[in-house]
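Novice: What follows is the file work-v3.tsv, containing TSV, C-alpha atoms:
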```
chain	number	residue	atom	x	y	z
A	266	MET	CA	7.21	30.34	-13.74
A	267	LYS	CA	7.60	28.38	-16.92
A	268	HIS	CA	4.31	29.65	-18.36
A	269	LEU	CA	4.60	33.17	-16.94
A	270	ILE	CA	8.14	34.33	-17.68
A	271	LYS	CA	6.78	37.80	-18.36
A	272	THR	CA	4.14	39.48	-16.22
A	273	ILE	CA	0.55	38.96	-17.31
A	274	THR	CA	-1.70	41.50	-15.65
A	275	CYS	CA	-5.26	40.38	-15.00
A	276	GLY	CA	-7.95	42.89	-14.08
A	277	ALA	CA	-9.56	40.34	-11.78
A	278	ALA	CA	-6.30	39.53	-10.03
A	279	ILE	CA	-6.35	38.73	-6.35
A	280	MET	CA	-4.36	41.38	-4.50
A	281	LEU	CA	-1.57	40.41	-2.12
A	282	SER	CA	-3.42	41.88	0.82
A	283	SER	CA	-6.49	39.74	0.25
A	284	ALA	CA	-4.96	36.56	-1.20
A	285	SER	CA	-3.21	35.78	2.07
A	286	VAL	CA	-6.52	34.98	3.75
A	287	GLN	CA	-7.48	32.34	1.17
A	288	ALA	CA	-7.20	28.72	2.27
A	289	GLN	CA	-7.93	27.21	-1.13
A	290	THR	CA	-7.39	28.04	-4.77
A	291	ILE	CA	-9.95	30.38	-6.31
A	292	GLY	CA	-10.39	31.47	-9.91
A	293	PRO	CA	-9.74	34.85	-11.54
A	294	LYS	CA	-13.34	35.88	-10.82
A	295	GLY	CA	-13.48	34.26	-7.39
A	296	GLU	CA	-14.74	30.91	-8.71
A	297	THR	CA	-14.60	27.78	-6.59
A	298	ALA	CA	-12.13	25.27	-7.99
A	299	THR	CA	-13.10	21.89	-9.45
A	300	LEU	CA	-10.41	19.20	-9.40
A	301	SER	CA	-9.19	18.07	-12.80
A	302	SER	CA	-9.87	14.45	-11.88
A	303	GLU	CA	-13.59	15.26	-12.08
A	304	ILE	CA	-13.34	16.33	-15.75
A	305	THR	CA	-13.57	13.16	-17.79
A	306	VAL	CA	-15.11	12.12	-21.10
A	307	SER	CA	-16.87	8.76	-21.05
A	308	ASP	CA	-15.95	6.15	-23.64
A	309	SER	CA	-19.66	6.02	-24.43
A	310	ASN	CA	-19.25	9.41	-26.11
A	311	ALA	CA	-16.51	8.20	-28.45
A	312	GLU	CA	-18.77	7.55	-31.40
A	313	ALA	CA	-20.49	10.94	-31.20
A	314	LEU	CA	-17.15	12.75	-31.02
A	315	LYS	CA	-15.53	10.74	-33.80
A	316	ASN	CA	-18.54	11.25	-36.06
A	317	GLY	CA	-18.48	15.00	-35.46
A	318	ASN	CA	-15.33	15.57	-37.54
A	319	TYR	CA	-14.11	17.98	-34.86
A	320	THR	CA	-10.66	19.57	-34.91
A	321	ALA	CA	-8.58	21.56	-32.43
A	322	ALA	CA	-5.97	24.32	-32.44
A	323	LEU	CA	-3.42	24.77	-29.65
A	324	LEU	CA	-2.38	28.44	-29.65
A	325	TRP	CA	0.21	28.87	-26.93
A	326	HIS	CA	1.88	31.90	-25.44
A	327	ASP	CA	5.42	30.49	-25.53
A	328	GLN	CA	7.49	27.34	-25.96
A	329	SER	CA	8.82	25.46	-22.92
A	330	ASP	CA	8.88	22.07	-21.22
A	331	PHE	CA	5.66	23.10	-19.50
A	332	VAL	CA	3.93	23.94	-22.77
A	333	ASN	CA	5.23	20.74	-24.36
A	334	ALA	CA	3.68	18.74	-21.53
A	335	VAL	CA	0.34	20.55	-21.77
A	336	THR	CA	0.36	19.95	-25.53
A	337	ALA	CA	1.13	16.26	-25.07
A	338	GLY	CA	-1.66	15.80	-22.54
A	339	ALA	CA	-4.20	17.59	-24.73
A	340	THR	CA	-3.13	15.82	-27.92
A	341	ALA	CA	-3.34	12.38	-26.31
A	342	GLU	CA	-6.84	13.09	-25.03
A	343	PHE	CA	-7.99	14.39	-28.40
A	344	GLU	CA	-6.55	11.34	-30.14
A	345	ARG	CA	-8.63	9.06	-27.91
A	346	PHE	CA	-11.74	10.50	-29.51
A	347	GLY	CA	-10.54	11.03	-33.06
A	348	ILE	CA	-10.09	14.80	-32.87
A	349	GLU	CA	-7.27	16.09	-35.07
A	350	VAL	CA	-5.01	18.92	-33.92
A	351	VAL	CA	-4.78	21.15	-37.02
A	352	ALA	CA	-2.54	23.92	-35.62
A	353	THR	CA	-0.02	24.34	-32.82
A	354	THR	CA	1.63	27.75	-32.40
A	355	SER	CA	3.82	29.76	-30.02
A	356	ALA	CA	3.38	33.53	-29.71
A	357	GLY	CA	6.67	34.12	-27.91
A	358	PHE	CA	4.88	36.35	-25.37
A	359	ASP	CA	3.91	38.72	-28.20
A	360	ALA	CA	0.22	39.70	-28.05
A	361	ALA	CA	0.25	40.83	-31.70
A	362	LYS	CA	1.73	37.47	-32.75
A	363	GLN	CA	-0.94	35.68	-30.73
A	364	ARG	CA	-3.67	37.60	-32.54
A	365	SER	CA	-2.10	36.67	-35.88
A	366	ASP	CA	-1.91	33.03	-34.77
A	367	ILE	CA	-5.62	33.08	-33.95
A	368	GLU	CA	-6.53	34.59	-37.32
A	369	THR	CA	-4.42	32.03	-39.17
A	370	ALA	CA	-5.82	29.12	-37.15
A	371	LEU	CA	-9.39	30.21	-37.84
A	372	THR	CA	-8.84	29.70	-41.57
A	373	LYS	CA	-8.64	25.99	-40.70
A	374	LYS	CA	-12.07	26.11	-39.02
A	375	PRO	CA	-11.16	24.47	-35.69
A	376	SER	CA	-13.97	23.35	-33.42
A	377	ILE	CA	-11.81	23.94	-30.33
A	378	ILE	CA	-9.06	26.38	-29.34
A	379	LEU	CA	-6.87	25.88	-26.28
A	380	SER	CA	-4.80	28.93	-25.36
A	381	LEU	CA	-3.30	31.14	-22.66
A	382	PRO	CA	-4.46	34.72	-23.38
A	383	LEU	CA	-1.43	36.97	-23.07
A	384	ASP	CA	-3.17	40.22	-22.25
A	385	PRO	CA	-6.77	40.44	-21.02
A	386	VAL	CA	-7.68	43.55	-23.05
A	387	THR	CA	-5.87	42.62	-26.27
A	388	SER	CA	-7.03	39.02	-26.01
A	389	ALA	CA	-10.67	40.05	-25.70
A	390	ALA	CA	-10.46	41.46	-29.23
A	391	ALA	CA	-8.17	38.72	-30.53
A	392	PHE	CA	-10.54	35.89	-29.62
A	393	LYS	CA	-13.70	37.78	-30.66
A	394	GLU	CA	-13.99	36.16	-34.09
A	395	ALA	CA	-13.43	32.68	-32.65
A	396	LYS	CA	-16.13	33.33	-30.08
A	397	GLU	CA	-18.55	34.54	-32.75
A	398	GLU	CA	-17.89	31.40	-34.80
A	399	ASP	CA	-18.85	29.31	-31.76
A	400	VAL	CA	-15.40	27.81	-31.37
A	401	LYS	CA	-15.09	26.15	-27.96
A	402	LEU	CA	-12.52	28.26	-26.08
A	403	VAL	CA	-10.64	26.72	-23.16
A	404	PHE	CA	-8.16	29.04	-21.48
A	405	LEU	CA	-5.05	28.34	-19.43
A	406	SER	CA	-4.41	30.48	-16.34
A	407	ASN	CA	-5.84	33.75	-17.71
A	408	LEU	CA	-9.05	35.21	-19.15
A	409	PRO	CA	-9.84	37.85	-21.78
A	410	ALA	CA	-11.45	40.91	-20.21
A	411	GLY	CA	-15.24	40.86	-20.06
A	412	TYR	CA	-15.65	37.23	-21.13
A	413	GLU	CA	-18.41	35.31	-19.38
A	414	HIS	CA	-18.37	31.61	-18.60
A	415	GLY	CA	-20.82	29.59	-20.62
A	416	ASN	CA	-21.41	32.32	-23.18
A	417	ASP	CA	-17.90	33.27	-24.27
A	418	TYR	CA	-15.66	30.43	-23.11
A	419	THR	CA	-15.86	26.88	-21.79
A	420	THR	CA	-13.58	27.08	-18.75
A	421	VAL	CA	-10.22	28.26	-17.44
A	422	ALA	CA	-7.76	25.69	-16.06
A	423	THR	CA	-4.65	26.19	-13.98
A	424	ASP	CA	-2.59	24.75	-11.12
A	425	ASP	CA	-3.89	24.06	-7.63
A	426	LEU	CA	-2.29	27.31	-6.57
A	427	PHE	CA	-2.89	27.10	-2.84
A	428	GLN	CA	-1.54	23.56	-2.69
A	429	MET	CA	1.61	24.59	-4.55
A	430	GLY	CA	2.39	27.27	-1.99
A	431	LYS	CA	1.40	25.07	0.93
A	432	GLN	CA	3.54	22.17	-0.23
A	433	ALA	CA	6.49	24.55	-0.67
A	434	ALA	CA	6.06	25.71	2.93
A	435	ASP	CA	5.81	22.15	4.20
A	436	ALA	CA	8.94	21.11	2.30
A	437	LEU	CA	10.99	24.08	3.51
A	438	ALA	CA	9.83	23.55	7.09
A	439	ALA	CA	10.82	19.89	6.93
A	440	SER	CA	14.29	20.79	5.64
A	441	MET	CA	14.70	23.20	8.59
A	442	GLU	CA	13.40	20.75	11.21
A	443	GLU	CA	10.43	23.12	11.62
A	444	LYS	CA	12.40	25.93	13.28
A	445	GLY	CA	14.39	28.99	12.27
A	446	THR	CA	14.03	32.08	10.09
A	447	VAL	CA	12.88	32.40	6.51
A	448	GLY	CA	13.06	34.90	3.66
A	449	TRP	CA	10.05	35.31	1.36
A	450	ILE	CA	10.66	36.47	-2.23
A	451	TYR	CA	7.27	36.94	-3.87
A	452	HIS	CA	6.13	38.05	-7.33
A	453	ASP	CA	5.60	41.82	-7.22
A	454	ALA	CA	2.66	41.99	-9.65
A	455	ASP	CA	-1.12	41.74	-9.50
A	456	TYR	CA	-1.66	38.29	-10.99
A	457	TYR	CA	-3.88	35.74	-9.33
A	458	VAL	CA	-1.70	32.72	-10.19
A	459	THR	CA	1.50	33.90	-8.51
A	460	ASN	CA	-0.29	35.90	-5.81
A	461	GLN	CA	-2.12	32.84	-4.54
A	462	ARG	CA	0.89	30.56	-4.70
A	463	ASP	CA	3.13	33.04	-2.88
A	464	ASN	CA	0.59	33.87	-0.20
A	465	ALA	CA	-0.29	30.23	0.40
A	466	PHE	CA	3.36	29.71	1.35
A	467	LYS	CA	3.27	32.63	3.76
A	468	THR	CA	-0.08	31.66	5.26
A	469	THR	CA	1.04	28.08	5.83
A	470	ILE	CA	4.27	29.11	7.56
A	471	GLU	CA	2.44	31.59	9.79
A	472	ASN	CA	-0.42	29.24	10.66
A	473	ASP	CA	1.23	25.82	10.82
A	474	TYR	CA	4.82	26.41	11.93
A	475	PRO	CA	5.00	28.49	15.13
A	476	ASN	CA	8.76	28.01	15.45
A	477	ILE	CA	9.52	29.45	12.02
A	478	SER	CA	9.51	33.22	11.47
A	479	ILE	CA	9.45	35.09	8.16
A	480	VAL	CA	11.99	37.83	8.92
A	481	ALA	CA	12.63	39.14	5.41
A	482	GLU	CA	10.17	39.91	2.60
A	483	GLN	CA	10.94	41.24	-0.87
A	484	GLY	CA	8.91	41.45	-4.05
A	485	ILE	CA	10.45	40.76	-7.44
A	486	SER	CA	9.20	41.58	-10.91
A	487	ASP	CA	12.44	41.20	-12.88
A	488	PRO	CA	14.06	37.76	-12.44
A	489	ALA	CA	17.43	39.30	-13.33
A	490	ARG	CA	17.39	41.10	-9.95
A	491	ALA	CA	17.10	37.90	-7.92
A	492	GLU	CA	20.79	37.60	-7.06
A	493	GLU	CA	20.92	41.25	-5.98
A	494	ILE	CA	17.81	40.84	-3.82
A	495	ALA	CA	19.14	37.67	-2.21
A	496	ASN	CA	22.50	39.30	-1.44
A	497	ALA	CA	20.76	42.19	0.31
A	498	MET	CA	18.49	39.81	2.22
A	499	LEU	CA	21.43	37.70	3.39
A	500	LEU	CA	23.45	40.77	4.36
A	501	ARG	CA	20.70	41.84	6.74
A	502	ASN	CA	19.88	38.28	7.85
A	503	PRO	CA	23.05	36.17	7.64
A	504	ASP	CA	21.51	33.31	9.62
A	505	LEU	CA	18.49	32.69	7.37
A	506	GLY	CA	17.48	29.06	7.53
A	507	GLY	CA	15.55	29.12	4.28
A	508	ILE	CA	14.32	31.22	1.36
A	509	TYR	CA	11.13	30.82	-0.64
A	510	VAL	CA	11.41	32.03	-4.23
A	511	THR	CA	8.29	32.65	-6.32
A	512	TRP	CA	9.42	30.51	-9.31
A	513	ALA	CA	12.49	28.72	-10.63
A	514	GLY	CA	13.89	31.50	-12.85
A	515	PRO	CA	14.68	33.91	-10.01
A	516	ALA	CA	15.55	30.94	-7.78
A	517	GLU	CA	18.60	30.41	-9.98
A	518	GLY	CA	19.74	33.92	-9.04
A	519	VAL	CA	19.16	33.25	-5.35
A	520	LEU	CA	21.18	30.04	-5.61
A	521	ALA	CA	24.00	31.98	-7.30
A	522	ALA	CA	24.02	34.44	-4.39
A	523	LEU	CA	24.27	31.64	-1.83
A	524	ARG	CA	27.12	30.04	-3.72
A	525	ALA	CA	28.97	33.34	-4.08
A	526	ASN	CA	28.71	33.80	-0.31
A	527	GLY	CA	29.93	30.28	0.40
A	528	ASN	CA	26.58	29.60	2.07
A	529	LYS	CA	25.84	25.87	2.15
A	530	THR	CA	23.19	25.90	4.89
A	531	THR	CA	20.36	28.19	3.79
A	532	LYS	CA	17.70	26.07	2.09
A	533	ILE	CA	15.68	27.08	-0.98
A	534	VAL	CA	12.23	26.01	-2.12
A	535	THR	CA	10.71	27.22	-5.35
A	536	LEU	CA	7.95	26.44	-7.84
A	537	ASP	CA	8.10	24.97	-11.38
A	538	LEU	CA	10.64	22.46	-12.63
A	539	SER	CA	14.12	23.62	-13.62
A	540	GLU	CA	17.07	21.41	-14.47
A	541	PRO	CA	19.71	23.74	-12.93
A	542	ILE	CA	17.72	24.04	-9.70
A	543	ALA	CA	17.01	20.31	-9.59
A	544	LEU	CA	20.68	19.52	-10.24
A	545	ASP	CA	21.66	21.42	-7.09
A	546	MET	CA	18.95	19.54	-5.22
A	547	VAL	CA	20.04	16.04	-6.25
A	548	ARG	CA	23.66	16.94	-5.43
A	549	GLY	CA	22.71	17.79	-1.86
A	550	GLY	CA	23.04	21.56	-2.26
A	551	ASN	CA	20.89	24.40	-0.99
A	552	VAL	CA	17.70	23.43	-2.83
A	553	ALA	CA	15.42	21.39	-0.59
A	554	ALA	CA	12.48	20.87	-2.95
A	555	ILE	CA	10.68	22.07	-6.06
A	556	VAL	CA	6.88	22.13	-6.21
A	557	ALA	CA	5.44	21.69	-9.69
A	558	ASP	CA	2.06	21.44	-11.33
A	559	GLU	CA	0.92	18.40	-13.28
A	560	ALA	CA	1.24	20.05	-16.68
A	561	TYR	CA	0.35	16.93	-18.70
A	562	GLU	CA	-2.82	16.59	-16.64
A	563	LEU	CA	-3.65	20.24	-17.34
A	564	GLY	CA	-3.55	19.52	-21.07
A	565	ARG	CA	-5.68	16.41	-20.71
A	566	THR	CA	-8.21	18.35	-18.66
A	567	MET	CA	-8.43	21.23	-21.11
A	568	ALA	CA	-9.08	18.85	-23.98
A	569	ALA	CA	-11.67	16.91	-21.99
A	570	ALA	CA	-13.47	20.12	-20.98
A	571	ALA	CA	-13.70	21.25	-24.61
A	572	MET	CA	-15.11	17.89	-25.68
A	573	LEU	CA	-17.70	17.93	-22.90
A	574	ASP	CA	-18.80	21.34	-24.16
A	575	LEU	CA	-19.11	19.96	-27.70
A	576	LEU	CA	-21.40	17.32	-26.22
A	577	ASP	CA	-23.50	20.07	-24.57
A	578	GLN	CA	-22.52	18.87	-21.11
A	579	ASP	CA	-21.97	21.33	-18.27
A	580	VAL	CA	-18.36	22.32	-17.59
A	581	PRO	CA	-17.41	24.15	-14.37
A	582	PRO	CA	-15.87	27.62	-14.80
A	583	PHE	CA	-12.57	26.96	-13.03
A	584	ILE	CA	-10.53	23.74	-12.92
A	585	VAL	CA	-7.26	22.97	-11.15
A	586	ALA	CA	-4.67	20.24	-11.65
A	587	PRO	CA	-2.75	18.75	-8.70
A	588	ALA	CA	0.61	19.85	-7.36
A	589	VAL	CA	3.59	17.56	-6.82
A	590	THR	CA	6.55	18.07	-4.49
A	591	VAL	CA	9.80	17.00	-6.14
A	592	THR	CA	12.82	16.19	-3.98
A	593	ALA	CA	16.15	14.46	-4.50
A	594	ASP	CA	14.45	11.20	-3.48
A	595	ASN	CA	11.69	11.27	-6.10
A	596	VAL	CA	13.07	13.41	-8.92
A	597	SER	CA	12.46	10.76	-11.60
A	598	GLU	CA	8.91	10.06	-10.47
A	599	GLY	CA	8.16	13.75	-9.97
A	600	TRP	CA	9.35	14.71	-13.44
A	601	MET	CA	7.19	12.03	-14.98
A	602	GLN	CA	4.16	12.96	-12.88
A	603	SER	CA	4.48	16.64	-13.82
A	604	LEU	CA	5.66	16.61	-17.43
A	605	HIS	CA	5.08	13.01	-18.51
A	606	VAL	CA	8.69	12.73	-19.70
A	607	GLU	CA	11.85	11.21	-18.26
A	608	ALA	CA	13.91	13.45	-16.01
A	609	PRO	CA	17.06	14.90	-17.62
A	610	LYS	CA	19.96	12.47	-17.54
A	611	SER	CA	21.98	14.97	-15.50
A	612	LEU	CA	19.56	14.42	-12.61
A	613	THR	CA	19.52	10.64	-12.67
A	614	ALA	CA	23.12	9.73	-13.56
A	615	LYS	CA	24.79	7.78	-10.80
```
Written as structure tokens, that's how I'd like the structure from this file.
Specialist:
Amino acid sequence: MKHLIKTITCGAAIMLSSASVQAQTIGPKGETATLSSEITVSDSNAEALKNGNYTAALLWHDQSDFVNAVTAGATAEFERFGIEVVATTSAGFDAAKQRSDIETALTKKPSIILSLPLDPVTSAAAFKEAKEEDVKLVFLSNLPAGYEHGNDYTTVATDDLFQMGKQAADALAASMEEKGTVGWIYHDADYYVTNQRDNAFKTTIENDYPNISIVAEQGISDPARAEEIANAMLLRNPDLGGIYVTWAGPAEGVLAALRANGNKTTKIVTLDLSEPIALDMVRGGNVAAIVADEAYELGRTMAAAAMLDLLDQDVPPFIVAPAVTVTADNVSEGWMQSLHVEAPKSLTAK
């Protein structure tokens, strides 16, 4: 996934064996999800927020189209209420760099920090000073170990994980006319984000599509092994109608395997936007659909949650943003809905 290129291990992760029974997205501590559309700041609060001289720091884990969209959504929401963003950083998936970024940002006395904690244990220490200074902490997709909602952080926000997996299953089933055999390539790590997405796909196929069978299953932790895994899967199951791939990075390897085998019939669905994967899709290749989160909406929601906390209003512990299914027919609209930017010209050129 765009915001999880490297494995982030969470102590409260939902295990594969248990996640498959979930029928809705739940948080890292089992929290019930609140839809992002319910997290809004009233215009009547504008004066109080603008008079507060509040500032924000956006301390991200990496740089990507996803992060850019989250940043844009958060920045636009802050600007509505006169809150200045005084720092924006990228840790490059380096926990030590993230800790340094936090220390540097704190010299600017931000009222709010939005961030994705890279490692639960390391992050617990890294954010300790911010917590003690009563900075409003809003986290993306992960939590520092031992932090308690309401006391230590405002909320954690992420994708509607179950819906992402379900929509992937629905899209693959539609591309296969709801019959045939499927391969399932899931993320082989204990992390509640990918576990729930992957298992929602499997649960939906098993429960909703009686004429589709998952005949091959393989976990992946290193995206570089995707082509090798797909080749082995296809060798044992040459008539696979479709393959689910846990996110777009390894899906590129699976697509390479299909092309190398001259396979033009096996369909692929994956999660998170990728120009190479989408290019195959719009050209009528193996890719049937990509399911993405609304990253811009995630940023807006995180900013709104922090401002509600500044106003001493209750904020739920776990918030999810909607999922969107992107196909060749709606690639322009889907890109805009997810990232709030125009789709790459390669995907829209006639």
Novice: To one decimal in Å, tell me the separation between CA of Ser307 (chain A) and CA of Tyr319 (chain A).
Specialist: 16.8 Å
Novice: Of the residues A:Pro609, A:Pro541, A:Gly295, A:Gly430, which is the one nearest to Gln461 (chain A), using all atoms listed in the file?
Specialist: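 Residue with the minimum atom-to-atom distance to Gln461 (chain A): A:Gly430.
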Novice: To one decimal place in Å, what is the distance between CA of Tyr456 (chain A) and CA of Phe331 (chain A)?
Specialist: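 Separation between CA of Tyr456 (chain A) and CA of Phe331 (chain A): 18.9 Å.
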Novice: Which neighbours of Ala465 (chain A) fall inside 12 Å, counting all atoms listed in the file, when residues of the same chain fewer than 4 positions from it are skipped, and could you give them as a ChimeraX atom specification?
Specialist: /A:281,283-291,425-435,449,451,457-461,469-473,509,511
Novice: Would you mind telling me which residue in A:Thr590, A:Val306, A:Thr299, A:Asn526 lies nearest to Gln578 (chain A) when using only C-alpha atoms?
Specialist: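 Result for the nearest residue to Gln578 (chain A): A:Val306.
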Novice: Give the answer as one residue: which of A:Asp417, A:Glu443, A:Asp504, A:Glu349 has the shortest atom-to-atom distance to Ala481 (chain A), using all atoms listed in the file?
Specialist: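 The shortest atom-to-atom distance to Ala481 (chain A) comes from A:Asp504.
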Novice: From the set A:Ala568, A:Leu538, A:Ala370, A:Pro581, which residue has the shortest atom-to-atom contact distance to Arg345 (chain A), counting all atoms listed in the file?
Specialist: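 Looking only at the distances to Arg345 (chain A), the closest residue turns out to be A:Ala568.
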Novice: Which residue out of A:Val480, A:Leu520, A:Val350, A:Leu575 has the minimum interatomic distance to Gly550 (chain A) when only C-alpha atoms are used?
Specialist: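 For Gly550 (chain A), the nearest of the given residues is A:Leu520.
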